[in-house]
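Enquirer: So I've got this file, run-v3.csv, and it contains CSV, C-alpha atoms:
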chain,number,residue,atom,x,y,z
A,205,MET,CA,-2.3,73.3,141.2
A,206,VAL,CA,0.9,71.2,141.1
A,207,GLN,CA,1.4,72.4,137.6
A,208,ILE,CA,1.4,76.1,138.6
A,209,ASN,CA,3.8,75.4,141.4
A,210,ASN,CA,6.2,73.7,139.0
A,211,GLU,CA,6.0,76.6,136.6
A,212,GLN,CA,6.7,79.0,139.5
A,213,THR,CA,9.7,77.0,140.6
A,214,GLN,CA,11.0,76.9,137.1
A,215,LYS,CA,10.7,80.6,136.7
A,216,THR,CA,12.5,81.2,140.0
A,217,GLN,CA,15.3,78.9,138.9
A,218,ASP,CA,15.6,80.7,135.6
A,219,SER,CA,15.7,84.0,137.4
A,220,LEU,CA,18.3,82.7,139.9
A,221,TYR,CA,20.5,81.4,137.0
A,222,ARG,CA,20.4,84.8,135.2
A,223,PHE,CA,21.0,86.7,138.4
A,224,VAL,CA,24.0,84.6,139.5
A,225,LEU,CA,25.4,84.5,136.0
A,226,GLY,CA,25.2,88.3,135.7
A,227,LEU,CA,27.2,88.7,138.9
A,228,ALA,CA,29.7,86.2,137.7
A,229,ASP,CA,30.1,88.0,134.4
A,230,ASP,CA,30.6,91.3,136.3
A,231,SER,CA,33.4,89.7,138.3
A,232,VAL,CA,35.2,87.9,135.5
A,233,VAL,CA,35.2,90.9,133.1
A,234,LEU,CA,36.5,93.3,135.8
A,235,SER,CA,39.1,90.7,136.8
A,236,HIS,CA,40.3,90.5,133.3
A,237,ARG,CA,40.5,94.2,132.9
A,238,LEU,CA,42.5,94.5,136.2
A,239,SER,CA,44.8,91.7,135.1
A,240,GLU,CA,45.8,93.9,132.1
A,241,TRP,CA,47.8,96.0,134.5
A,242,CYS,CA,50.0,93.0,135.3
A,243,SER,CA,53.5,93.9,134.1
A,244,ASN,CA,52.2,97.4,133.1
A,245,GLY,CA,51.6,99.0,136.5
A,246,PRO,CA,53.1,102.4,137.4
A,247,TYR,CA,55.6,100.6,139.6
A,248,LEU,CA,56.1,97.1,140.8
A,249,GLU,CA,54.3,97.3,144.1
A,250,GLU,CA,51.2,98.8,142.6
A,251,ASP,CA,51.4,96.2,139.8
A,252,ILE,CA,51.2,93.4,142.3
A,253,ALA,CA,48.5,95.1,144.3
A,254,LEU,CA,46.2,95.4,141.2
A,255,ALA,CA,46.9,91.8,140.2
A,256,ASN,CA,45.9,90.8,143.7
A,257,ILE,CA,42.6,92.5,143.3
A,258,ALA,CA,42.1,90.8,139.9
A,259,LEU,CA,42.6,87.5,141.7
A,260,ASP,CA,40.0,88.4,144.3
A,261,TYR,CA,37.5,88.9,141.5
A,262,ILE,CA,38.5,85.8,139.6
A,263,GLY,CA,37.8,83.9,142.9
A,264,ARG,CA,34.4,85.5,143.1
A,265,ALA,CA,33.7,84.7,139.4
A,266,ARG,CA,34.6,81.0,139.9
A,267,MET,CA,32.2,80.6,142.9
A,268,LEU,CA,29.4,82.3,141.0
A,269,TYR,CA,29.9,80.4,137.8
A,270,GLN,CA,30.0,77.1,139.6
A,271,TYR,CA,26.7,78.0,141.3
A,272,ALA,CA,25.2,79.3,138.1
A,273,ALA,CA,26.1,76.0,136.3
A,274,GLU,CA,24.6,74.0,139.2
A,275,VAL,CA,21.4,76.1,139.1
A,276,GLU,CA,21.2,75.8,135.3
A,277,GLY,CA,21.5,72.0,135.6
A,278,LYS,CA,22.7,71.5,132.0
A,279,ASN,CA,25.9,69.9,132.9
A,280,ARG,CA,28.0,72.9,131.9
A,281,SER,CA,31.1,73.8,133.9
A,282,GLU,CA,32.4,77.1,135.2
A,283,ASP,CA,34.9,77.1,132.3
A,284,ASP,CA,32.1,76.5,129.8
A,285,LEU,CA,30.2,79.6,131.1
A,286,ALA,CA,33.3,81.8,131.2
A,287,TYR,CA,35.1,80.7,128.0
A,288,SER,CA,32.4,79.4,125.6
A,289,ARG,CA,29.8,82.1,125.6
A,290,THR,CA,29.7,84.8,123.0
A,291,GLU,CA,29.7,88.6,123.6
A,292,ARG,CA,25.9,88.9,123.3
A,293,GLU,CA,25.5,86.1,125.9
A,294,PHE,CA,27.6,88.0,128.5
A,295,THR,CA,25.4,90.0,130.8
A,296,ASN,CA,28.0,92.0,132.8
A,297,LEU,CA,27.2,95.7,133.5
A,298,LEU,CA,29.0,98.0,131.2
A,299,ILE,CA,31.2,99.7,133.8
A,300,HIS,CA,33.2,96.5,134.3
A,301,GLU,CA,34.1,96.1,130.6
A,302,LEU,CA,35.5,99.5,129.7
A,303,PRO,CA,39.2,99.5,128.8
A,304,ILE,CA,41.6,100.2,131.7
A,305,GLY,CA,42.4,103.7,130.3
A,306,ASP,CA,45.0,105.5,132.3
A,307,PHE,CA,45.7,104.8,136.0
A,308,ALA,CA,43.2,107.5,137.1
A,309,PHE,CA,40.5,105.9,135.1
A,310,THR,CA,41.2,102.5,136.6
A,311,MET,CA,41.2,103.8,140.1
A,312,VAL,CA,38.1,106.0,139.8
A,313,ARG,CA,36.2,103.0,138.4
A,314,GLN,CA,37.6,100.9,141.2
A,315,PHE,CA,36.5,103.4,143.8
A,316,PHE,CA,33.0,103.6,142.3
A,317,LEU,CA,32.7,99.9,142.3
A,318,ASP,CA,34.3,99.4,145.7
A,319,VAL,CA,31.7,101.8,147.2
A,320,PHE,CA,29.0,100.0,145.4
A,321,TYR,CA,30.1,96.5,146.4
A,322,ASN,CA,30.5,97.4,150.0
A,323,LEU,CA,26.8,98.5,150.0
A,324,TYR,CA,25.6,95.7,147.8
A,325,LEU,CA,27.3,92.8,149.5
A,326,GLU,CA,26.3,94.1,152.9
A,327,GLU,CA,22.8,93.4,151.8
A,328,LEU,CA,23.5,90.3,149.8
A,329,VAL,CA,24.9,88.5,152.9
A,330,LYS,CA,21.3,88.4,154.1
A,331,SER,CA,20.1,86.6,151.0
A,332,LYS,CA,17.7,83.7,151.6
A,333,ASP,CA,19.7,81.6,149.2
A,334,ASP,CA,22.4,80.1,151.3
A,335,THR,CA,25.0,79.8,148.6
A,336,VAL,CA,24.6,83.4,147.4
A,337,ALA,CA,24.8,84.6,151.0
A,338,ALA,CA,28.0,82.6,151.6
A,339,ILE,CA,29.7,83.9,148.5
A,340,ALA,CA,28.7,87.5,149.6
A,341,GLN,CA,30.1,86.8,153.0
A,342,LYS,CA,33.5,85.9,151.5
A,343,ALA,CA,33.5,88.7,149.0
A,344,ILE,CA,32.6,91.5,151.4
A,345,LYS,CA,35.9,91.1,153.3
A,346,GLU,CA,37.8,91.6,150.1
A,347,SER,CA,35.7,94.6,149.1
A,348,ARG,CA,36.2,96.3,152.4
A,349,TYR,CA,40.0,96.1,151.8
A,350,HIS,CA,39.6,97.2,148.2
A,351,LEU,CA,37.8,100.4,149.3
A,352,LYS,CA,40.4,101.1,152.0
A,353,ARG,CA,43.0,100.9,149.1
A,354,SER,CA,41.2,103.0,146.5
A,355,GLU,CA,40.2,105.9,148.8
A,356,PRO,CA,43.7,107.1,149.5
A,357,TRP,CA,44.5,106.7,145.8
A,358,ILE,CA,41.6,108.9,144.7
A,359,ARG,CA,42.5,111.5,147.3
A,360,GLN,CA,46.1,111.5,146.1
A,361,LEU,CA,45.2,111.7,142.4
A,362,ALA,CA,42.6,114.4,143.0
A,363,GLU,CA,44.8,116.5,145.1
A,364,GLY,CA,48.2,115.6,143.6
A,365,THR,CA,49.5,117.4,140.5
A,366,ASP,CA,47.5,119.4,138.0
A,367,GLU,CA,47.9,116.5,135.6
A,368,SER,CA,46.6,113.9,138.0
A,369,ARG,CA,43.6,116.1,139.0
A,370,LYS,CA,42.8,116.7,135.3
A,371,ARG,CA,42.9,113.0,134.6
A,372,THR,CA,40.7,112.2,137.6
A,373,LEU,CA,38.1,114.7,136.4
A,374,LEU,CA,38.2,113.2,132.9
A,375,ALA,CA,37.7,109.7,134.4
A,376,LEU,CA,34.7,111.0,136.4
A,377,ASP,CA,33.1,112.5,133.3
A,378,GLU,CA,33.4,109.3,131.4
A,379,LEU,CA,32.4,106.9,134.2
A,380,LYS,CA,29.3,108.8,135.2
A,381,GLN,CA,27.7,107.8,131.9
A,382,VAL,CA,27.8,104.1,132.8
A,383,VAL,CA,27.7,104.0,136.6
A,384,GLY,CA,23.9,104.5,136.8
A,385,GLU,CA,23.5,101.0,135.4
A,386,LEU,CA,24.7,99.6,138.7
A,387,PHE,CA,21.3,100.7,140.2
A,388,ASP,CA,19.1,99.4,137.4
A,389,MET,CA,16.9,96.4,138.1
A,390,PRO,CA,16.3,93.8,135.4
A,391,ASP,CA,12.9,92.0,135.8
A,392,TRP,CA,14.4,88.8,136.9
A,393,GLU,CA,16.3,90.4,139.7
A,394,THR,CA,13.1,92.2,140.8
A,395,ASP,CA,11.4,88.8,141.0
A,396,LEU,CA,14.1,87.6,143.3
A,397,VAL,CA,14.0,90.6,145.5
A,398,ASP,CA,10.4,89.7,146.4
A,399,SER,CA,11.5,86.2,147.5
A,400,GLY,CA,14.4,87.7,149.5
A,401,ILE,CA,17.2,86.3,147.3
A,402,ALA,CA,18.5,89.3,145.4
A,403,VAL,CA,19.1,92.9,146.5
A,404,ASP,CA,17.1,95.9,145.4
A,405,ARG,CA,19.9,97.9,143.6
A,406,LYS,CA,17.8,101.0,143.4
A,407,SER,CA,17.6,101.2,147.2
A,408,LEU,CA,21.4,101.5,147.4
A,409,LYS,CA,21.7,104.6,145.2
A,410,PRO,CA,21.2,107.4,147.9
A,411,ALA,CA,23.9,105.9,150.1
A,412,TRP,CA,26.2,105.5,147.1
A,413,ASP,CA,25.7,109.1,146.0
A,414,LYS,CA,26.2,110.4,149.5
A,415,HIS,CA,29.5,108.4,150.0
A,416,VAL,CA,30.9,109.4,146.6
A,417,GLN,CA,29.8,113.0,146.8
A,418,SER,CA,31.1,113.6,150.3
A,419,PHE,CA,34.4,111.9,149.5
A,420,PHE,CA,35.0,114.1,146.4
A,421,SER,CA,33.8,117.3,148.0
A,422,ALA,CA,36.7,117.0,150.5
A,423,SER,CA,38.9,117.5,147.4
A,424,ASN,CA,36.7,120.3,146.1
A,425,ILE,CA,35.2,118.2,143.3
A,426,ASP,CA,31.4,118.3,142.8
A,427,VAL,CA,29.9,115.1,141.7
A,428,GLU,CA,26.3,115.1,140.6
A,429,ALA,CA,24.0,112.4,141.8
A,430,CYS,CA,24.4,109.5,139.3
A,431,GLN,CA,21.8,109.0,136.7
A,432,LEU,CA,20.8,106.2,134.4
A,433,GLN,CA,22.4,107.0,131.1
A,434,ILE,CA,23.9,104.2,129.0
A,435,VAL,CA,22.5,100.8,129.7
A,436,GLY,CA,22.4,97.4,128.1
A,437,GLY,CA,25.0,95.1,129.7
A,438,ARG,CA,22.5,92.9,131.5
A,439,ASN,CA,20.7,92.3,128.2
A,440,GLY,CA,23.9,91.5,126.3
A,441,ILE,CA,24.1,94.9,124.6
A,442,HIS,CA,27.7,95.9,125.1
A,443,SER,CA,30.2,98.5,124.2
A,444,GLU,CA,32.6,97.8,121.3
A,445,HIS,CA,35.2,96.9,123.8
A,446,LEU,CA,33.9,93.7,125.2
A,447,GLY,CA,34.2,91.6,122.1
A,448,HIS,CA,37.9,92.5,121.8
A,449,MET,CA,38.4,91.7,125.4
A,450,LEU,CA,36.7,88.3,125.1
A,451,SER,CA,38.6,87.3,122.0
A,452,GLU,CA,41.7,87.6,124.1
A,453,MET,CA,40.3,86.1,127.3
A,454,GLN,CA,38.7,83.2,125.5
A,455,TYR,CA,41.4,82.7,122.9
A,456,LEU,CA,42.9,79.5,124.3
A,457,GLN,CA,39.6,77.7,124.9
A,458,LYS,CA,38.3,78.7,121.5
A,459,THR,CA,41.5,77.5,119.8
A,460,TYR,CA,41.8,74.3,121.8
A,461,PRO,CA,38.4,73.5,123.2
A,462,GLY,CA,38.5,71.7,126.5
A,463,MET,CA,42.2,72.4,126.9
A,464,LYS,CA,43.5,71.9,130.4
A,465,TRP,CA,46.9,72.4,132.1
B,153,MET,CA,56.1,106.5,136.3
B,154,ASN,CA,58.9,108.6,137.9
B,155,GLN,CA,59.8,106.8,141.1
B,156,GLU,CA,62.1,109.4,142.6
B,157,HIS,CA,59.4,110.7,144.9
B,158,LEU,CA,58.7,107.3,146.3
B,159,ALA,CA,60.2,106.4,149.7
B,160,VAL,CA,61.7,103.1,150.5
B,161,TYR,CA,60.2,101.1,153.4
B,162,GLU,CA,61.5,98.1,155.3
B,163,VAL,CA,58.9,95.4,155.9
B,164,PHE,CA,58.7,93.2,159.0
B,165,VAL,CA,56.3,90.3,159.2
B,166,ARG,CA,55.2,88.3,162.2
B,167,SER,CA,54.4,84.9,160.9
B,168,ASN,CA,52.5,83.7,164.0
B,169,ARG,CA,51.3,84.6,167.4
B,170,GLY,CA,54.1,84.4,169.9
B,171,LEU,CA,56.8,85.0,167.4
B,172,ASP,CA,58.8,88.2,166.6
B,173,HIS,CA,58.4,90.4,163.6
B,174,LYS,CA,61.1,89.5,161.1
B,175,HIS,CA,62.6,91.6,158.3
B,176,VAL,CA,61.3,90.2,155.0
B,177,GLY,CA,62.3,92.8,152.5
B,178,SER,CA,61.6,96.3,151.3
B,179,LEU,CA,59.4,98.2,148.9
B,180,HIS,CA,58.6,101.6,147.4
B,181,ALA,CA,55.5,103.5,148.5
B,182,GLU,CA,53.9,106.9,148.4
B,183,SER,CA,53.1,107.0,152.1
B,184,PRO,CA,53.3,104.7,155.2
B,185,GLU,CA,49.6,103.8,154.6
B,186,HIS,CA,50.4,102.7,151.1
B,187,ALA,CA,53.5,100.9,152.2
B,188,LEU,CA,51.4,98.8,154.6
B,189,MET,CA,49.0,97.9,151.9
B,190,TYR,CA,51.7,97.0,149.5
B,191,ALA,CA,53.4,94.9,152.2
B,192,ARG,CA,50.1,93.1,152.6
B,193,ASP,CA,49.9,92.4,148.9
B,194,CYS,CA,53.5,91.6,148.3
B,195,TYR,CA,54.5,89.7,151.5
B,196,ILE,CA,51.5,88.0,153.1
B,197,ARG,CA,49.3,87.2,150.1
B,198,ARG,CA,49.9,83.5,150.7
B,199,SER,CA,49.1,83.8,154.4
B,200,GLU,CA,52.7,84.2,155.5
B,201,GLY,CA,51.9,86.5,158.4
B,202,VAL,CA,49.4,87.8,160.9
B,203,SER,CA,50.9,91.2,161.5
B,204,ILE,CA,53.1,93.7,159.5
B,205,TRP,CA,55.3,96.6,160.5
B,206,VAL,CA,56.6,99.0,157.9
B,207,VAL,CA,59.4,101.5,158.7
B,208,GLU,CA,60.8,104.1,156.3
B,209,SER,CA,64.3,102.9,155.6
B,210,THR,CA,65.9,106.3,156.5
B,211,ASN,CA,64.6,105.9,160.0
B,212,ILE,CA,66.8,102.9,160.6
B,213,THR,CA,70.2,103.4,162.3
B,214,ALA,CA,72.4,100.6,161.3
B,215,SER,CA,75.8,99.3,162.3
B,216,ALA,CA,78.5,99.7,159.7
B,217,GLU,CA,80.2,96.7,158.0
B,218,SER,CA,83.5,98.5,158.3
B,219,ASP,CA,83.3,98.6,162.1
B,220,VAL,CA,83.1,94.8,162.4
B,221,GLU,CA,86.5,94.5,163.9
B,222,ASN,CA,85.7,96.5,167.0
B,223,PHE,CA,81.9,96.2,166.9
B,224,VAL,CA,81.4,92.5,166.5
B,225,GLU,CA,84.5,90.4,166.7
B,226,PRO,CA,85.3,91.1,170.4
B,227,MET,CA,82.3,88.9,171.3
B,228,ASP,CA,83.7,85.9,169.6
B,229,ASP,CA,86.0,84.6,172.4
B,230,LYS,CA,83.7,85.0,175.3
B,231,PRO,CA,81.8,81.6,175.6
B,232,TYR,CA,81.0,82.3,179.3
B,233,ARG,CA,78.3,84.7,178.0
B,234,HIS,CA,76.4,81.9,176.4
B,235,ALA,CA,73.5,80.4,178.5
B,236,THR,CA,74.4,76.9,177.3
B,237,HIS,CA,73.6,75.1,180.6
B,238,TYR,CA,69.9,75.8,180.6
B,239,VAL,CA,67.7,73.1,179.3
B,240,LEU,CA,64.6,74.4,177.7
B,241,PRO,CA,61.4,72.4,178.5
B,242,ASP,CA,59.9,70.9,175.4
B,243,LYS,CA,56.6,72.7,176.0
B,244,VAL,CA,58.3,76.1,175.4
B,245,ASN,CA,58.1,76.3,171.6
B,246,ASN,CA,59.0,79.7,170.6
B,247,MET,CA,61.9,81.2,172.5
Now that the file is in, can you turn its structure into structure tokens?

Expert:
Amino acid sequence: MVQINNEQTQKTQDSLYRFVLGLADDSVVLSHRLSEWCSNGPYLEEDIALANIALDYIGRARMLYQYAAEVEGKNRSEDDLAYSRTEREFTNLLIHELPIGDFAFTMVRQFFLDVFYNLYLEELVKSKDDTVAAIAQKAIKESRYHLKRSEPWIRQLAEGTDESRKRTLLALDELKQVVGELFDMPDWETDLVDSGIAVDRKSLKPAWDKHVQSFFSASNIDVEACQLQIVGGRNGIHSEHLGHMLSEMQYLQKTYPGMKW
Amino acid sequence: MNQEHLAVYEVFVRSNRGLDHKHVGSLHAESPEHALMYARDCYIRRSEGVSIWVVESTNITASAESDVENFVEPMDDKPYRHATHYVLPDKVNNM
């Protein structure tokens, strides 16, 4: 009897580790992508604003990696998890890793994710895991601001010039292929939903579709309900882009392991 | 990006409750809403303030440097206008 309980506990710990690690990978990868706008923004103010959001996500990633390392219990640090794992070991959802593209692509992705994280974190703050709930509580304040920022941008791009509208539509086309993965549930997350720790992503889809569709319809753009198309991120199957990104992101730690400054 | 269509806004930040908004700088933005967000990201990201005003620079009517002789200097020799004899109680911090 005791044996079974131990196995059960171990399984929950494994699930918790993979769950938290996946969220941390989502955050660090998106953060790195956003940071690529630093010094390349359309103008100085927007440059700083995007870098600021990148910093919000790096803060999130740190809290999540620290907790993942603690749950794993193998004496690894947040830096080990972020800088020493290979591409196949990263379990971020694909939408976070796509290259920044043009400004419209970056903003449409941001808008999609901001709507998602507002819904997701709103549920995650109720997690029965106190640490997860506390991280969500901190993150949701940031995500509320992010959405307030991305909405007027999307409106402006969609209704601006012919060029900005064209680019917005192209971004929508490309992103709809990967956005469905946000609502896909890996087994270990499903296990944790039953114990009240994780959030059922599937249940958020109707609200996400409704928000995105009604927002775009105001600019006369029809967006279909999102569908599961390209998947693989949570299982370490990535686009060709992540490896290149990681080689840059992890360069220093790979060249000088354990380097600090 | 072509910045010609961007307006310039002046940014005023109130660093604490009870204090006044102070001019801290200016920035470019697409609209007043954007200006407020940029001001948040550029000027209070290290918790420098609790409230922000943004005003489009063209809405400010300013005195001219060239008028200083008749506009400012006449005040210089009128010390009786200064309230120098009032002692401010220590408890009044921000005045």

Enquirer: What residues have an atom no more than 8 Å from (27.6, 105.7, 139.8) in the file's own frame, counting all atoms listed in the file, and can you write them as an MDAnalysis selection string?

Expert: chainID A and resid 316 379:380 382:386 412:413 429:431

Enquirer: Which residues are close to B:Val160, i.e. within 7 Å by all atoms listed in the file, leaving aside same-chain residues fewer than 3 positions away? Reply as a PDB file with C-alpha atoms, keeping the file's coordinate frame.

Expert:
ATOM      1  CA  SER B 178      61.600  96.300 151.300  1.00  0.00           C
ATOM      2  CA  LEU B 179      59.400  98.200 148.900  1.00  0.00           C
ATOM      3  CA  HIS B 180      58.600 101.600 147.400  1.00  0.00           C
ATOM      4  CA  ALA B 181      55.500 103.500 148.500  1.00  0.00           C
ATOM      5  CA  GLU B 208      60.800 104.100 156.300  1.00  0.00           C
ATOM      6  CA  SER B 209      64.300 102.900 155.600  1.00  0.00           C
TER       7      SER B 209
END

Enquirer: Output the contact residues of chain B with respect to chain A at a cut-off of 9 Å, based on all atoms listed in the file, as a PyMOL selection string.

Expert: chain B and resi 153-155+179-181+185-187+189-194+197

Enquirer: Do you know which residues are at most 8 Å from A:Met311 counting only C-alpha atoms, after dropping those on the same chain fewer than 2 positions away, and could you put them as a PyMOL selection string?

Expert: chain A and resi 307-309+313-315+354+357-358

Enquirer: For stretch 434-451 of chain A, list every protein, DNA or RNA residue within 8 Å, evaluated using all atoms listed in the file, and leave out those in the same chain fewer than 4 positions away; present the list as a PyMOL selection string.

Expert: chain A and resi 226+291-298+301-303+381-382+384-385+390+455

Enquirer: Need to verify the contact set: B:Asn211, 12 Å, all atoms listed in the file, exclusion of same-chain residues closer than 6 positions in sequence. Can you return it as a ChimeraX atom specification?

Expert: /B:159-162

Enquirer: What is the distance, in Å and to one decimal place, between atom CA of A:Asp318 and atom CA of A:Asp426?

Expert: 19.3 Å

Enquirer: So how far away is atom CA of A:Ser288 from atom CA of A:Ala338, in Å?

Expert: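 Those two atoms sit 26.6 Å apart.
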
Enquirer: Which centre and which edge lengths, in Å to one decimal, describe the axis-aligned box that holds all listed atoms of stretch 231-247 of chain B after 5 Å is added on each side, as AutoDock Vina command-line options?

Expert:
--center_x 69.2 --center_y 77.8 --center_z 175.6 --size_x 35.2 --size_y 23.8 --size_z 20.0

Enquirer: Taking only C-alpha atoms into account, name the residue in B:Val163, B:Ile212, B:Leu171, B:Val220 that is nearest to B:Tyr195.

Expert: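 Distance minimum relative to B:Tyr195 lands on B:Val163.
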
Enquirer: Kindly give the distance, in Å, that separates atom CA of A:Thr310 and atom CA of A:Ala411, rounded to a single decimal.

Expert: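 Here the two named atoms are 22.2 Å from each other.
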
Enquirer: Enumerate, as number ranges by chain, the protein, DNA and RNA residues whose atoms approach (33.0, 84.5, 135.8) to within 10 Å, taking into account all atoms listed in the file and the coordinate frame of the file.

Expert: A: 224-236, 261-270, 272, 282-283, 285-287, 294, 296
